[in-house]
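What's in structure_32.cif: mmCIF, C-alpha atoms and all ligand atoms
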```cif
data_structure
#
loop_
_atom_site.label_atom_id
_atom_site.label_comp_id
_atom_site.auth_asym_id
_atom_site.auth_seq_id
_atom_site.Cartn_x
_atom_site.Cartn_y
_atom_site.Cartn_z
CA MET B 1 69.99 47.65 105.82
CA THR B 2 68.12 44.35 105.54
CA GLU B 3 66.13 43.29 102.47
CA GLN B 4 62.96 43.32 104.53
CA GLN B 5 63.58 46.91 105.55
CA GLU B 6 64.19 47.90 101.91
CA ASN B 7 61.00 46.25 100.69
CA ASP B 8 58.59 47.87 103.12
CA ASP B 9 56.96 51.21 102.41
CA SER B 10 59.68 53.29 104.07
CA ILE B 11 60.70 56.68 102.72
CA PHE B 12 64.45 57.16 102.86
CA ILE B 13 66.47 60.24 103.60
CA GLU B 14 70.22 60.44 103.29
CA GLU B 15 72.77 63.19 103.44
CA ASP B 16 73.42 64.65 99.98
CA THR B 17 77.08 65.61 100.15
CA GLU B 18 77.51 65.55 96.38
CA PHE B 19 74.79 68.15 95.77
CA GLY B 20 75.99 70.06 98.85
CA ALA B 21 79.47 70.46 97.40
CA GLU B 22 78.04 71.59 94.03
CA PHE B 23 75.71 74.06 95.73
CA VAL B 24 78.51 75.57 97.84
CA ASP B 25 80.59 75.88 94.67
CA SER B 26 77.71 77.72 92.97
CA ILE B 27 77.26 80.06 95.96
CA ILE B 28 80.91 81.04 95.83
CA LYS B 29 80.97 81.47 92.03
CA TYR B 30 77.72 83.46 92.06
CA TYR B 31 78.94 85.97 94.67
CA ASP B 32 82.42 86.10 93.23
CA GLU B 33 81.07 86.91 89.75
CA SER B 34 78.58 89.47 91.12
CA ASN B 35 81.39 91.18 93.05
CA ARG B 36 83.67 91.25 90.04
CA LYS B 37 80.86 92.67 87.86
CA ARG B 38 80.18 95.37 90.44
CA ILE B 39 83.86 96.23 90.71
CA ALA B 40 84.28 96.27 86.91
CA ASP B 41 81.72 99.08 86.48
CA GLY B 42 84.38 101.42 87.89
CA LYS B 43 81.92 103.21 90.13
CA LEU B 44 82.20 104.07 93.81
CA HIS B 45 79.46 102.09 95.52
CA ILE B 46 78.42 103.71 98.79
CA ALA B 47 77.99 100.36 100.57
CA ASP B 48 81.64 99.52 99.74
CA ILE B 49 83.11 102.41 101.69
CA THR B 50 81.08 102.33 104.89
CA PHE B 51 82.80 99.39 106.63
CA CYS B 52 86.44 99.42 105.51
CA ALA B 53 87.58 100.79 102.12
CA ARG B 54 90.80 98.75 102.31
CA LYS B 55 88.83 95.53 102.72
CA GLN B 56 86.75 96.30 99.61
CA LEU B 57 89.85 97.06 97.55
CA ILE B 58 91.95 94.01 98.48
CA PRO B 59 90.08 91.67 96.07
CA GLN B 60 90.53 94.25 93.30
CA VAL B 61 94.27 94.50 93.83
CA PHE B 62 94.79 90.78 94.49
CA PRO B 63 92.08 89.29 92.24
CA SER B 64 93.54 85.80 92.08
CA GLN B 65 94.31 85.38 95.75
CA ALA B 66 91.44 87.00 97.54
CA GLY B 67 87.90 85.95 96.92
CA VAL B 68 84.57 85.06 98.41
CA ASN B 69 84.45 82.03 100.68
CA VAL B 70 81.46 80.06 101.86
CA TYR B 71 81.36 81.94 105.18
CA THR B 72 81.37 85.44 103.68
CA ALA B 73 78.88 84.32 101.03
CA SER B 74 76.65 82.93 103.76
CA ASN B 75 76.76 86.33 105.47
CA PHE B 76 75.69 88.06 102.23
CA MET B 77 72.84 85.58 101.92
CA ARG B 78 71.74 86.19 105.51
CA GLY B 79 71.69 89.93 104.84
CA SER B 80 69.82 89.73 101.56
CA GLY B 81 67.40 87.19 103.03
CA ALA B 82 66.47 89.59 105.83
CA GLU B 83 66.14 92.46 103.36
CA SER B 84 63.86 90.42 101.05
CA ALA B 85 61.72 89.44 104.02
CA MET B 86 61.40 92.98 105.40
CA ILE B 87 60.59 94.82 102.15
CA PRO B 88 57.10 93.26 101.69
CA ILE B 89 56.36 94.14 105.32
CA LEU B 90 57.27 97.78 104.72
CA GLN B 91 55.22 97.74 101.48
CA TYR B 92 52.30 96.36 103.48
CA LYS B 93 52.72 98.94 106.26
CA TYR B 94 52.92 101.79 103.74
CA LYS B 95 50.48 100.38 101.18
CA ASN B 96 48.84 103.77 100.65
CA HIS B 97 52.15 105.60 100.27
CA GLU B 98 54.47 106.11 97.34
CA THR B 99 57.44 103.85 98.06
CA GLU B 100 60.48 102.55 96.20
CA CYS B 101 62.87 99.62 96.71
CA GLN B 102 66.54 99.78 95.76
CA MET B 103 66.26 103.32 94.39
CA ASP B 104 69.08 103.98 91.94
CA ILE B 105 71.18 106.87 93.23
CA ALA B 106 73.63 107.67 90.45
CA PHE B 107 75.67 110.75 89.77
CA ASP B 108 79.04 111.01 88.07
CA ASN B 109 80.71 107.75 89.13
CA ILE B 110 78.94 107.28 92.44
CA SER B 111 76.28 104.63 92.94
CA GLY B 112 74.00 103.73 95.82
CA HIS B 113 70.85 101.70 96.39
CA PRO B 114 68.91 102.42 99.59
CA ASP B 115 66.88 99.33 100.54
CA PHE B 116 63.55 101.15 100.80
CA ILE B 117 62.25 104.71 100.58
CA ASN B 118 58.92 106.11 101.69
CA HIS B 119 58.65 109.14 99.41
CA ASP B 120 55.46 110.47 101.05
CA GLU B 121 57.12 110.66 104.47
CA GLY B 122 60.61 111.34 103.12
CA VAL B 123 62.26 108.41 104.91
CA VAL B 124 65.25 106.29 103.82
CA PHE B 125 65.26 102.76 105.29
CA GLU B 126 68.21 100.40 105.67
CA LEU B 127 67.39 96.80 106.49
CA LYS B 128 70.05 94.76 108.26
CA ASN B 129 70.64 91.42 109.89
CA THR B 130 73.30 90.87 112.53
CA ASN B 131 75.08 87.96 114.13
CA ALA B 132 76.16 90.25 116.99
CA GLN B 133 76.86 88.17 120.06
CA GLY B 134 75.34 90.60 122.54
CA PRO B 135 72.26 92.81 122.58
CA LEU B 136 72.51 96.02 120.54
CA THR B 137 72.19 99.42 122.17
CA ILE B 138 72.13 102.79 120.44
CA ASP B 139 75.86 103.26 121.10
CA SER B 140 76.81 99.76 119.82
CA ASP B 141 79.83 99.87 117.59
CA ASN B 142 78.08 97.44 115.22
CA LEU B 143 75.73 100.24 114.16
CA LYS B 144 78.47 102.56 112.92
CA SER B 145 78.65 101.35 109.32
CA TYR B 146 74.84 101.11 109.07
CA THR B 147 74.61 104.74 110.20
CA ARG B 148 77.25 105.89 107.71
CA GLN B 149 75.40 104.20 104.86
CA VAL B 150 72.02 105.76 105.72
CA VAL B 151 73.62 109.18 106.26
CA TYR B 152 75.20 109.02 102.78
CA TYR B 153 71.84 108.04 101.25
CA MET B 154 69.98 110.79 103.13
CA LEU B 155 72.50 113.39 102.02
CA LEU B 156 72.42 112.20 98.41
CA THR B 157 68.62 111.94 98.16
CA GLY B 158 67.99 115.21 100.01
CA LEU B 159 65.77 113.39 102.53
CA GLU B 160 65.73 114.40 106.20
CA LYS B 161 64.69 111.17 107.92
CA GLY B 162 66.38 107.78 108.08
CA LYS B 163 65.43 104.54 109.79
CA VAL B 164 67.47 101.40 110.37
CA ILE B 165 65.86 98.06 111.15
CA VAL B 166 68.23 95.40 112.46
CA GLN B 167 67.06 91.82 112.76
CA TYR B 168 69.05 89.44 114.94
CA GLY B 169 70.45 86.46 113.00
CA LEU B 170 70.12 84.34 116.12
CA PRO B 171 67.54 86.14 118.22
CA PHE B 172 68.32 84.37 121.45
CA GLU B 173 71.15 82.78 123.35
CA MET B 174 71.21 79.90 125.77
CA GLU B 175 72.62 80.61 129.18
CA TYR B 176 73.65 77.77 131.45
CA ASP B 177 73.45 78.24 135.19
CA LEU B 178 76.11 76.12 136.87
CA LYS B 179 74.34 76.16 140.25
CA THR B 180 70.86 75.16 139.10
CA LYS B 181 72.28 73.18 136.14
CA GLN B 182 69.56 74.65 133.97
CA HIS B 183 69.51 76.38 130.58
CA THR B 184 67.57 79.58 130.09
CA VAL B 185 66.81 81.25 126.78
CA THR B 186 67.48 84.99 126.72
CA TYR B 187 66.66 87.35 123.89
CA ARG B 188 69.74 89.22 122.76
CA ASN B 189 67.77 92.45 122.72
CA LYS B 190 67.16 92.02 126.42
CA GLN B 191 65.51 95.38 127.08
CA LYS B 192 62.87 95.10 124.38
CA LYS B 193 62.50 91.28 124.40
CA ILE B 194 62.14 91.09 120.64
CA PRO B 195 64.61 89.94 118.00
CA PHE B 196 64.81 93.38 116.34
CA PHE B 197 66.51 96.72 117.03
CA PHE B 198 65.27 99.99 115.54
CA TYR B 199 66.78 103.44 115.38
CA LYS B 200 66.26 106.66 113.50
CA ILE B 201 68.45 109.44 112.16
CA SER B 202 67.58 113.01 111.27
CA ILE B 203 69.57 115.46 109.14
CA PRO B 204 68.23 118.99 108.61
CA LYS B 205 67.61 120.16 105.05
CA ASP B 206 70.28 122.84 105.39
CA HIS B 207 73.00 120.69 107.02
CA PRO B 208 76.39 121.92 105.70
CA LEU B 209 77.49 118.36 104.78
CA ARG B 210 74.75 118.23 102.11
CA THR B 211 76.53 120.72 99.88
CA LYS B 212 79.93 119.07 100.37
CA ILE B 213 79.11 115.39 100.11
CA LYS B 214 79.29 115.03 96.32
CA PHE B 215 82.66 116.77 96.29
CA ILE B 216 83.94 114.54 99.12
CA LEU B 217 82.82 111.37 97.35
CA ASN B 218 83.65 112.29 93.78
CA ASP B 219 86.74 114.45 94.12
CA LEU B 220 88.44 113.12 97.25
CA ILE B 221 87.42 109.55 98.15
CA ARG B 222 86.91 108.10 94.66
CA PRO B 223 90.21 109.34 93.13
CA ALA B 224 92.11 107.83 96.10
CA LEU B 225 90.42 104.45 95.59
CA VAL B 226 90.98 104.55 91.81
CA LYS B 227 94.66 105.44 92.36
CA ALA B 228 95.09 102.58 94.85
CA VAL B 229 93.74 100.03 92.35
CA LYS B 230 95.48 101.49 89.30
CA GLU B 231 98.86 101.62 91.00
CA ARG B 232 98.23 98.45 93.00
CA ASP B 233 99.13 100.42 96.10
CA LEU B 234 96.84 99.84 99.05
CA THR B 235 99.21 101.57 101.44
CA ILE B 236 97.42 104.86 100.64
CA ILE B 237 94.16 103.45 102.03
CA PRO B 238 94.24 103.69 105.84
CA VAL B 239 93.83 100.79 108.19
CA LEU B 240 90.87 100.96 110.58
CA ALA B 241 91.77 102.33 114.02
CA GLU B 242 90.01 99.23 115.38
CA LYS B 243 92.80 97.00 114.06
CA LYS B 244 95.20 98.01 116.80
CA LYS B 245 92.56 97.19 119.41
CA ARG B 246 92.10 93.71 117.98
CA HIS B 247 88.48 94.57 117.34
CA TRP B 248 86.18 91.87 115.87
CA LYS B 249 85.98 93.85 112.61
CA CYS B 250 89.66 93.13 111.90
CA VAL B 251 90.05 89.88 113.82
CA THR B 252 87.31 88.30 111.69
CA CYS B 253 88.35 90.01 108.43
CA GLU B 254 89.03 87.42 105.73
CA TYR B 255 91.66 89.72 104.21
CA LYS B 256 93.56 90.44 107.44
CA GLN B 257 96.53 88.44 106.18
CA TYR B 258 96.92 90.75 103.15
CA CYS B 259 96.15 93.84 105.19
CA ASP B 260 98.96 92.90 107.62
CA MET B 261 101.46 92.91 104.74
CA LEU B 262 100.52 96.41 103.60
CA PRO B 263 101.66 99.28 105.82
CA ASP B 264 99.44 102.32 106.27
CA LYS B 265 101.20 105.23 104.56
CA GLN B 266 98.37 107.69 104.13
CA ASN B 267 99.90 110.85 105.56
CA ASP B 268 97.36 113.42 104.37
CA PRO B 269 95.24 113.94 107.51
CA GLU B 270 92.22 115.29 105.62
CA LEU B 271 92.11 112.51 103.03
CA ARG B 272 92.77 109.94 105.74
CA SER B 273 89.82 111.24 107.72
CA PHE B 274 87.50 111.09 104.68
CA LEU B 275 88.61 107.56 103.78
CA LEU B 276 87.80 106.49 107.34
CA ASN B 277 84.37 108.20 107.20
CA GLU B 278 85.27 110.48 110.11
CA HIS B 279 83.40 113.36 108.42
CA ILE B 280 80.27 111.39 109.39
CA ASP B 281 81.35 109.63 112.61
CA ASN B 282 82.56 112.87 114.21
CA ILE B 283 79.21 114.61 113.87
CA VAL B 284 76.87 111.72 114.76
CA LYS B 285 75.50 112.34 118.26
CA ILE B 286 73.41 109.91 120.26
CA ARG B 287 70.13 111.05 121.78
CA LYS B 288 69.16 108.61 124.56
S1 LIG B 301 91.99 93.78 108.78
FE1 LIG B 301 90.72 95.55 109.36
S2 LIG B 301 91.69 97.32 108.42
FE2 LIG B 301 92.51 95.51 107.42
S3 LIG B 301 91.22 95.19 105.63
FE3 LIG B 301 90.35 93.96 107.24
S4 LIG B 301 88.80 95.26 108.21
FE4 LIG B 301 90.14 96.60 107.00
#
```
Write the structure described by the file as structure tokens, please.
Amino acid sequence: MTEQQENDDSIFIEEDTEFGAEFVDSIIKYYDESNRKRIADGKLHIADITFCARKQLIPQVFPSQAGVNVYTASNFMRGSGAESAMIPILQYKYKNHETECQMDIAFDNISGHPDFINHDEGVVFELKNTNAQGPLTIDSDNLKSYTRQVVYYMLLTGLEKGKVIVQYGLPFEMEYDLKTKQHTVTYRNKQKKIPFFFYKISIPKDHPLRTKIKFILNDLIRPALVKAVKERDLTIIPVLAEKKKRHWKCVTCEYKQYCDMLPDKQNDPELRSFLLNEHIDNIVKIRK
């Protein structure tokens, strides 16, 4: 840069790698500490069992080796950013209703926090953000863990209606046509042409799972998780069926390396099924 350039009234920008490195370090420490605090309370958190119980337990059994990285932390941030942006919109939409954010569901050693509840209409909301590469449809596999989470919350709150709002992390994709040599922008949610996907769930008041769910969580799932951590034995927590199919859930799992070293030795078919959330998956039916 010449002296003349430095002496004019320019405003300079430059890449701030030093602050960037400090910030990334803070992101990782912040999420790592929050995770450890959550784990240390000894409770079963509903959100921790809806994707893969084994994945949630690996950092507890291997605390020094497995931790948050900048990519997983960035995913958490994307999710909480979408949630923080959607809550005021729901509060605005339901301004004349009694509503609640992050309701504290707590019984025995089970804990859950539905993102938003409309008490007047009896609806549980879950607010999500996805980086899914393709457009979502009602039978998309990506929705499975969202559905499980809302179903647990509906069963535990006694509410009959649930709604899931999914915002696309990147709402559109560029497609390049080799013949015309032109790019076109296509919304991932091609049918609806908007960067959101919505679906609803209903569970009747007298559904038989309502009376069993606390027993399943407190007396079957939780003791298995506690035993796995106490005995440092993750072989009793089953591997997702998706792993064999080289599904993205396992291919992109940051703990796959540890998971690969731990065989799946859960031989009790009933407990296995509960740990894999099949008591919910097997009864969810899609109405198109
Ligand atoms: S690789 Fe798959 S089964 Fe193993 S911990 Fe990760 S998500 Fe779970």
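Counting from atom CA of B:Gln167, the distance to atom CA of B:Gly81 is 10.8 Å.
Relative to atom CA of B:Gln102, atom CA of B:Asp115 is found at 4.8 Å.
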- Message: What does the list of residues within 9 Å of ligand LIG 301 (chain B) look like if you count all atoms listed in the file, written as a PyMOL selection string?
- Response: chain B and resi 51-58+238-243+246-260+262
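The interatomic distance for the pair atom CA of B:Ala21 and atom CA of B:Asn35 works out to 21.3 Å.
Checking B:Asn118, B:Thr72, B:Thr137, B:Asn109 one by one against B:Arg222, counting all atoms listed in the file, you find the shortest gap at B:Asn109.
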Please identify every residue of stretch 174-257 of chain B that has at least one atom no farther than 12 Å from an atom of stretch 280-284 of chain B, counting all atoms listed in the file, and for each give the shortest atom pair and the distance in Å to one decimal, arranged by chain then increasing number, as a Markdown table.
```
| residue | atom | partner | partner_atom | distance |
| --- | --- | --- | --- | --- |
| B:Lys200 | CA | B:Val284 | CA | 11.8 |
| B:Ile201 | CA | B:Val284 | CA | 9.1 |
| B:Ser202 | CA | B:Val284 | CA | 10.0 |
| B:Ile203 | CA | B:Val284 | CA | 9.9 |
| B:His207 | CA | B:Ile283 | CA | 11.1 |
| B:Pro208 | CA | B:Ile283 | CA | 11.3 |
| B:Leu209 | CA | B:Ile280 | CA | 8.8 |
| B:Arg210 | CA | B:Ile280 | CA | 11.4 |
| B:Lys212 | CA | B:Ile280 | CA | 11.9 |
| B:Ile213 | CA | B:Ile280 | CA | 10.2 |
| B:Ile216 | CA | B:Ile280 | CA | 11.4 |
```
- Query: Can you list, as a VMD selection string, every protein, DNA or RNA residue that comes within 12 Å of B:Asn96 when you count all atoms listed in the file, leaving out same-chain residues fewer than 5 positions away?
  - Reply: chain B and resid 90 to 91 118 to 121
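Of the listed residues (B:Gln149, B:Ser140, B:Ser26, B:Thr130), B:Thr130 comes nearest to B:Tyr168; the distances count all atoms listed in the file.
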- Within 7 Å of B:Val166, counting only C-alpha atoms, which residues qualify if same-chain residues fewer than 5 places away don't, as JSON, numbers by chain? {"B": [127, 128, 129, 130, 196, 197, 198]}
- Message: Using only C-alpha atoms, which protein or nucleic acid residues come within 12 Å of B:Leu156? Drop anything in the same chain fewer than 2 positions from it, and give the result as an NGL selection string.
- Response: :B and (46 or 103-107 or 110-114 or 124 or 149-154 or 158-160 or 203 or 205 or 209-217)
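Using all atoms listed in the file, the nearest neighbour of B:Asn267 within the list B:Glu98, B:Ile27, B:Lys244, B:Thr235 is B:Thr235.
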- With only C-alpha atoms as the basis for distance, which of B:Leu136, B:Glu126, B:Ile236, B:Lys95 is at the shortest distance from B:Pro263? B:Ile236
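Here the question is which of B:Asp206, B:Asp48, B:Glu22, B:Glu14 gets nearest to B:Leu225 using only C-alpha atoms, and that residue is B:Asp48.
For the set B:Ile28, B:Asp141, B:Phe274, B:Arg287, the residue with the smallest atom-to-atom gap to B:Asn218 is B:Phe274, counting all atoms listed in the file.
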